[in-house]
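Below is upload_1.cif, which holds mmCIF, C-alpha atoms.
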data_run
#
loop_
_atom_site.label_atom_id
_atom_site.label_comp_id
_atom_site.auth_asym_id
_atom_site.auth_seq_id
_atom_site.Cartn_x
_atom_site.Cartn_y
_atom_site.Cartn_z
CA MET A 1 1.86 4.89 -2.70
CA SER A 2 0.74 5.08 0.94
CA MET A 3 -0.61 2.08 2.82
CA LYS A 4 -4.05 3.67 2.96
CA LYS A 5 -4.18 4.07 -0.82
CA MET A 6 -2.92 0.52 -1.27
CA ARG A 7 -5.69 -0.82 0.98
CA LYS A 8 -8.32 1.09 -0.96
CA ALA A 9 -6.93 -0.12 -4.29
CA THR A 10 -6.82 -3.72 -3.09
CA MET A 11 -10.37 -3.52 -1.75
CA ALA A 12 -11.63 -2.06 -5.02
CA ALA A 13 -9.84 -4.77 -7.01
CA MET A 14 -11.33 -7.56 -4.91
CA VAL A 15 -14.84 -6.13 -5.21
CA PHE A 16 -14.34 -5.79 -8.97
CA LEU A 17 -13.14 -9.37 -9.33
CA GLY A 18 -15.95 -10.63 -7.14
CA CYS A 19 -18.57 -8.82 -9.19
CA VAL A 20 -17.04 -9.85 -12.52
CA CYS A 21 -17.42 -13.56 -11.77
CA ALA A 22 -21.21 -13.35 -11.73
CA PRO A 23 -21.57 -11.42 -15.04
CA VAL A 24 -19.24 -13.88 -16.76
CA ALA A 25 -21.33 -16.74 -15.45
CA ALA A 26 -24.46 -14.97 -16.60
CA THR A 27 -23.10 -14.46 -20.11
CA VAL A 28 -22.27 -18.12 -20.49
CA SER A 29 -25.64 -19.11 -19.08
CA TYR A 30 -27.47 -16.66 -21.32
CA ALA A 31 -25.89 -18.19 -24.42
CA GLN A 32 -26.81 -21.66 -23.24
CA LEU A 33 -30.35 -20.65 -22.35
CA THR A 34 -30.90 -18.81 -25.64
CA ASP A 35 -29.79 -21.85 -27.57
CA ALA A 36 -32.04 -24.06 -25.50
CA GLN A 37 -35.06 -21.80 -26.09
CA GLY A 38 -34.39 -21.47 -29.83
CA ASN A 39 -34.32 -25.23 -30.24
CA ALA A 40 -37.12 -25.94 -27.79
CA VAL A 41 -39.53 -27.28 -30.42
CA GLU A 42 -36.95 -29.62 -31.91
CA SER A 43 -35.54 -30.81 -28.58
CA ASP A 44 -36.90 -33.44 -26.33
CA THR A 45 -37.49 -33.03 -22.60
CA SER A 46 -34.17 -34.54 -21.53
CA LYS A 47 -32.23 -32.22 -23.85
CA GLN A 48 -34.04 -29.16 -22.45
CA THR A 49 -33.11 -30.22 -18.95
CA THR A 50 -29.47 -30.62 -19.95
CA ASN A 51 -29.30 -27.21 -21.68
CA SER A 52 -31.28 -25.03 -19.30
CA GLY A 53 -31.23 -26.24 -15.76
CA GLY A 54 -29.30 -27.54 -12.83
CA GLY A 55 -25.88 -25.91 -13.19
CA PHE A 56 -24.67 -23.07 -11.02
CA TYR A 57 -24.37 -20.76 -14.03
CA ASP A 58 -27.96 -21.50 -14.97
CA ILE A 59 -29.06 -20.94 -11.38
CA VAL A 60 -27.40 -17.52 -11.38
CA PHE A 61 -28.86 -16.42 -14.70
CA GLY A 62 -32.25 -18.08 -14.27
CA SER A 63 -33.01 -16.10 -11.13
CA GLY A 64 -33.98 -13.03 -13.16
CA ILE A 65 -32.73 -9.47 -13.00
CA VAL A 66 -33.35 -9.13 -9.27
CA GLY A 67 -31.70 -12.46 -8.65
CA MET A 68 -28.69 -11.48 -10.74
CA LEU A 69 -28.29 -8.28 -8.73
CA LEU A 70 -28.45 -10.33 -5.55
CA TRP A 71 -25.75 -12.64 -6.83
CA PHE A 72 -23.59 -9.64 -7.73
CA ALA A 73 -24.08 -8.38 -4.18
CA LEU A 74 -23.18 -11.78 -2.71
CA PHE A 75 -19.98 -11.98 -4.76
CA ALA A 76 -19.05 -8.43 -3.73
CA ASP A 77 -19.91 -9.16 -0.09
CA GLY A 78 -17.70 -12.25 -0.13
CA ALA A 79 -14.82 -10.32 -1.71
CA MET A 80 -15.14 -7.56 0.89
CA ALA A 81 -15.20 -10.10 3.72
CA ILE A 82 -12.00 -11.70 2.41
CA TYR A 83 -10.29 -8.33 2.06
CA PHE A 84 -11.13 -7.10 5.56
CA ALA A 85 -10.32 -10.48 7.12
CA VAL A 86 -6.86 -10.54 5.52
CA ASP A 87 -6.27 -6.86 6.33
CA CYS A 88 -7.18 -7.29 10.00
CA TYR A 89 -5.28 -10.56 10.30
CA VAL A 90 -2.11 -8.85 9.08
CA LEU A 91 -2.70 -5.81 11.30
CA ILE A 92 -3.65 -7.46 14.59
CA LYS A 93 -0.34 -8.99 15.53
CA PRO A 94 2.01 -8.21 18.43
CA GLY A 95 4.76 -7.23 16.01
CA LYS A 96 2.50 -4.64 14.39
CA LEU A 97 0.67 -3.24 17.42
CA MET A 98 3.48 -3.36 20.00
CA PRO A 99 6.92 -3.80 18.39
CA GLN A 100 9.49 -5.23 20.76
CA SER A 101 12.08 -2.72 19.52
CA LEU A 102 9.81 0.12 20.63
CA ILE A 103 9.44 -1.33 24.12
CA ASN A 104 13.20 -1.92 24.42
CA ASN A 105 14.07 1.60 23.30
CA VAL A 106 11.53 3.18 25.67
CA GLN A 107 12.83 1.08 28.56
CA GLU A 108 16.36 2.24 27.74
CA ALA A 109 15.23 5.86 27.67
CA MET A 110 13.40 5.46 30.97
CA ALA A 111 16.47 3.89 32.55
CA GLU A 112 18.38 7.03 31.55
CA GLY A 113 15.59 9.24 32.87
CA ASP A 114 15.22 10.87 29.45
CA VAL A 115 11.52 11.46 28.74
CA GLU A 116 12.25 13.51 25.63
CA LYS A 117 14.17 10.60 24.15
CA ALA A 118 11.24 8.28 24.91
CA ILE A 119 8.85 10.66 23.13
CA GLU A 120 11.19 10.77 20.14
CA VAL A 121 11.28 6.96 20.05
CA CYS A 122 7.47 6.90 19.93
CA LYS A 123 7.46 9.35 17.03
CA ASN A 124 10.02 7.32 15.09
CA GLU A 125 8.17 4.00 15.58
CA PRO A 126 4.45 4.73 15.07
CA SER A 127 2.08 2.01 16.30
CA CYS A 128 -0.79 1.50 18.73
CA MET A 129 1.71 1.03 21.55
CA SER A 130 3.60 4.20 20.69
CA ASN A 131 0.34 6.19 20.68
CA ILE A 132 -0.49 4.95 24.17
CA LEU A 133 3.02 5.66 25.45
CA ALA A 134 3.04 9.12 23.85
CA ALA A 135 -0.23 9.93 25.62
CA ALA A 136 1.44 9.08 28.93
CA PHE A 137 4.66 11.00 28.24
CA ASN A 138 2.78 14.12 27.15
CA HIS A 139 1.22 14.40 30.63
CA VAL A 140 4.34 13.89 32.72
CA SER A 141 4.05 17.29 34.37
CA GLU A 142 0.38 16.86 35.32
CA GLY A 143 0.68 14.12 37.91
CA PHE A 144 0.53 10.34 37.89
CA ASP A 145 -3.27 10.19 38.15
CA VAL A 146 -3.62 12.27 35.01
CA ILE A 147 -1.10 10.02 33.27
CA GLN A 148 -3.15 6.93 34.15
CA GLU A 149 -6.30 8.57 32.82
CA ALA A 150 -4.47 9.49 29.62
CA VAL A 151 -3.29 5.89 29.19
CA THR A 152 -6.83 4.58 29.70
CA ALA A 153 -8.24 7.07 27.21
CA ALA A 154 -5.53 6.29 24.65
CA SER A 155 -6.10 2.54 25.05
CA ASP A 156 -9.83 2.97 24.52
CA LEU A 157 -9.16 5.08 21.44
CA GLU A 158 -6.80 2.51 19.92
CA GLN A 159 -9.29 -0.26 20.68
CA GLU A 160 -12.03 1.72 18.94
CA LYS A 161 -9.83 2.21 15.88
CA LEU A 162 -9.25 -1.53 15.65
CA MET A 163 -12.92 -2.29 16.18
CA GLN A 164 -13.93 0.12 13.41
CA ARG A 165 -11.94 -1.99 10.97
CA LEU A 166 -13.05 -5.29 12.47
CA ASN A 167 -16.70 -4.28 12.35
CA TRP A 168 -16.60 -4.35 8.57
CA ILE A 169 -16.13 -8.12 8.77
CA SER A 170 -19.22 -8.28 10.98
CA VAL A 171 -21.13 -6.15 8.47
CA CYS A 172 -20.21 -8.56 5.65
CA SER A 173 -21.20 -11.57 7.77
CA ASN A 174 -24.59 -10.01 8.53
CA LEU A 175 -25.23 -9.01 4.93
CA GLY A 176 -24.67 -12.55 3.65
CA PRO A 177 -27.74 -14.20 5.24
CA SER A 178 -29.87 -11.13 4.53
CA LEU A 179 -29.02 -11.23 0.84
CA GLY A 180 -29.50 -14.99 0.85
CA LEU A 181 -32.91 -14.68 2.46
CA LEU A 182 -33.95 -12.03 -0.04
CA GLY A 183 -32.82 -14.33 -2.84
CA THR A 184 -34.81 -17.17 -1.30
CA VAL A 185 -37.94 -15.05 -1.23
CA GLN A 186 -37.34 -13.97 -4.82
CA GLY A 187 -36.82 -17.58 -5.89
CA MET A 188 -40.03 -18.68 -4.19
CA ILE A 189 -41.88 -15.86 -5.96
CA LEU A 190 -40.71 -17.35 -9.25
CA THR A 191 -42.29 -20.64 -8.20
CA PHE A 192 -45.83 -19.27 -8.26
CA PRO A 193 -45.86 -18.39 -11.98
CA ALA A 194 -44.67 -21.94 -12.64
CA LEU A 195 -47.59 -23.29 -10.60
CA ALA A 196 -50.03 -20.88 -12.25
CA SER A 197 -48.96 -22.00 -15.71
CA GLY A 198 -49.55 -25.64 -14.93
CA GLY A 199 -46.16 -26.39 -13.50
CA ALA A 200 -47.60 -28.46 -10.70
CA GLY A 201 -47.21 -31.53 -12.85
CA ASP A 202 -43.73 -30.56 -14.08
CA ALA A 203 -41.35 -31.43 -11.29
CA SER A 204 -38.35 -30.02 -13.17
CA MET A 205 -39.85 -26.50 -13.32
CA LEU A 206 -40.62 -26.48 -9.63
CA ALA A 207 -37.23 -27.96 -8.78
CA ALA A 208 -35.47 -25.25 -10.81
CA SER A 209 -37.33 -22.44 -9.04
CA ILE A 210 -36.82 -23.89 -5.58
CA GLY A 211 -33.20 -24.62 -6.43
CA GLN A 212 -32.63 -20.98 -7.28
CA ALA A 213 -34.08 -20.01 -3.92
CA LEU A 214 -31.91 -22.44 -1.95
CA TRP A 215 -28.73 -21.58 -3.83
CA THR A 216 -28.87 -17.95 -2.68
CA THR A 217 -29.44 -19.08 0.90
CA ALA A 218 -26.41 -21.35 0.66
CA GLY A 219 -24.35 -18.55 -0.87
CA GLY A 220 -25.24 -16.19 1.96
CA LEU A 221 -24.34 -18.78 4.61
CA ILE A 222 -21.05 -19.60 2.86
CA VAL A 223 -20.11 -15.93 3.21
CA SER A 224 -21.52 -15.49 6.71
CA ILE A 225 -20.19 -18.50 8.63
CA PRO A 226 -16.45 -17.99 7.98
CA SER A 227 -16.81 -14.21 8.31
CA ILE A 228 -18.47 -14.26 11.72
CA THR A 229 -15.99 -16.87 12.95
CA LEU A 230 -13.02 -14.77 11.86
CA PHE A 231 -14.59 -11.64 13.32
CA TYR A 232 -14.82 -13.06 16.84
CA MET A 233 -11.37 -14.60 16.63
CA LEU A 234 -9.77 -11.35 15.51
CA ARG A 235 -11.81 -9.27 17.96
CA ASN A 236 -10.73 -11.40 20.91
CA ASN A 237 -7.13 -11.23 19.74
CA ALA A 238 -7.35 -7.44 19.44
CA ASN A 239 -8.83 -7.07 22.94
CA ARG A 240 -6.14 -9.33 24.36
CA LEU A 241 -3.39 -7.28 22.73
CA ILE A 242 -4.90 -4.00 23.93
CA LEU A 243 -4.93 -5.29 27.51
CA ARG A 244 -1.35 -6.46 27.11
CA MET A 245 -0.26 -3.06 25.77
CA THR A 246 -1.95 -1.31 28.67
CA ALA A 247 -0.22 -3.62 31.16
CA VAL A 248 3.20 -3.05 29.57
CA THR A 249 2.58 0.70 29.55
CA MET A 250 1.72 0.70 33.25
CA GLU A 251 4.93 -1.19 33.97
CA LEU A 252 6.91 1.46 32.12
CA LEU A 253 5.04 4.16 34.04
CA ASN A 254 6.60 2.99 37.28
CA SER A 255 9.91 4.29 35.99
CA LEU A 256 8.17 7.32 34.54
CA ARG A 257 6.66 8.14 37.93
CA ASN A 258 10.12 8.23 39.49
CA VAL A 259 11.35 10.52 36.75
CA GLU A 260 8.33 12.76 37.18
CA VAL A 261 8.81 13.10 40.95
CA ALA A 262 12.47 13.94 40.53
CA THR A 263 11.66 16.59 37.95
CA ASP A 264 8.98 18.18 40.16
CA GLU A 265 11.35 18.33 43.11
CA GLU A 266 13.97 20.02 41.01
CA ALA A 267 11.36 22.51 39.79
CA VAL A 268 10.35 23.33 43.39
CA GLU A 269 13.96 23.76 44.45
CA GLY A 270 14.57 25.97 41.46
#

Could you write out this file's structure as structure tokens?
Amino acid sequence: MSMKKMRKATMAAMVFLGCVCAPVAATVSYAQLTDAQGNAVESDTSKQTTNSGGGFYDIVFGSGIVGMLLWFALFADGAMAIYFAVDCYVLIKPGKLMPQSLINNVQEAMAEGDVEKAIEVCKNEPSCMSNILAAAFNHVSEGFDVIQEAVTAASDLEQEKLMQRLNWISVCSNLGPSLGLLGTVQGMILTFPALASGGAGDASMLAASIGQALWTTAGGLIVSIPSITLFYMLRNNANRLILRMTAVTMELLNSLRNVEVATDEEAVEG
């Protein structure tokens, strides 16, 4: 199985597990709530409070269909944020983006003046660094200015590829507060029927409705705060590595420029 298929399978599994937690909680809560409603006439006020309110499971189920869907979305959003954070953390490392063995082999090839060998090394060790180096080697015959432009373009392309994956963490971090806010609004809407039915004198009914609203806000922030923190950390690390790869490439190009000049002179003499 390829790495791409493995990433997709892992992402799907995490989303599935994240979404399953909420339905399981809802099932347990539904059983508790049904029992509490069936015995409402025979139960006193304290027993009703114990059976039907306060717990996280009851908060999830008591928020209604819309609230349940929001909780499913929050669980899925959190699972996605974890997946992309782990994926990017594993990817954005010097050993992955710019293997030292690749740099050493290219330096050895450049010392021998063998551009073809350097290109072959880049093909055998695929990475962000090898893509940037290959862009330079493929323009050897077009002049050093063209090579520099190719390196800049390749660096920008590799940076964009990394950012496309990192941006998913940012998307998850932005979705968290939005879903939480929507849940808060939905929970406050549930408060008005309680007030309309005489709930103004029943503090427990109002507290339950407001609690549902605040729980979704807390859930969204719990997803958002770590996600946005990891996003900026990983983004800064990626930018730093891209700059480092560009600098190392330009150092290697000094040897490449000498090889290029020698090759052009031989072509003119020929």

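The list of residues with at least one atom within 9 Å of A:Leu241, based on only C-alpha atoms and without residues fewer than 2 positions apart in the same chain, reads Ile92, Lys93, Pro94, Leu97, Met98, Asn236, Asn237, Ala238, Asn239, Leu243, Arg244, Met245 and Thr246 of chain A.
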
Subject >> Shortest interatomic distance to A:Leu190 - which of A:Ala118, A:Val60, A:Gly67, A:Lys161, counting all atoms listed in the file >> reply: A:Gly67

Assuming the chain letters and numbering stay as they are in my file, what does the PyMOL selection byres ((chain A and resi 110) around 10) actually select? List them as an mmCIF file with C-alpha atoms, in the coordinates of the input.
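expr12.cif, written as the output of this step:
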data_model
loop_
_atom_site.group_PDB
_atom_site.id
_atom_site.type_symbol
_atom_site.label_atom_id
_atom_site.label_comp_id
_atom_site.auth_asym_id
_atom_site.auth_seq_id
_atom_site.Cartn_x
_atom_site.Cartn_y
_atom_site.Cartn_z
ATOM 1 C CA ASN A 104 13.200 -1.920 24.420
ATOM 2 C CA ASN A 105 14.070 1.600 23.300
ATOM 3 C CA VAL A 106 11.530 3.180 25.670
ATOM 4 C CA GLN A 107 12.830 1.080 28.560
ATOM 5 C CA GLU A 108 16.360 2.240 27.740
ATOM 6 C CA ALA A 109 15.230 5.860 27.670
ATOM 7 C CA ALA A 111 16.470 3.890 32.550
ATOM 8 C CA GLU A 112 18.380 7.030 31.550
ATOM 9 C CA GLY A 113 15.590 9.240 32.870
ATOM 10 C CA ASP A 114 15.220 10.870 29.450
ATOM 11 C CA VAL A 115 11.520 11.460 28.740
ATOM 12 C CA GLU A 116 12.250 13.510 25.630
ATOM 13 C CA LYS A 117 14.170 10.600 24.150
ATOM 14 C CA ALA A 118 11.240 8.280 24.910
ATOM 15 C CA LEU A 252 6.910 1.460 32.120
ATOM 16 C CA LEU A 253 5.040 4.160 34.040
ATOM 17 C CA ASN A 254 6.600 2.990 37.280
ATOM 18 C CA SER A 255 9.910 4.290 35.990
ATOM 19 C CA LEU A 256 8.170 7.320 34.540
ATOM 20 C CA ASN A 258 10.120 8.230 39.490
ATOM 21 C CA VAL A 259 11.350 10.520 36.750
#

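From atom CA of A:Trp168 back to atom CA of A:Thr152, the distance works out to 24.9 Å.
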
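Remark: for A:Val248, the closest of the candidate residues A:Pro126, A:Cys88, A:Ser170, A:Leu133 is A:Leu133 (distances computed over all atoms listed in the file).
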
**OP:** With the file shown as input, list the residues that the PyMOL selection byres ((chain A and resi 153-158) around 8) selects, as number ranges by chain.
**Re:** A: 128, 131-132, 135, 149-152, 159-162, 242, 246
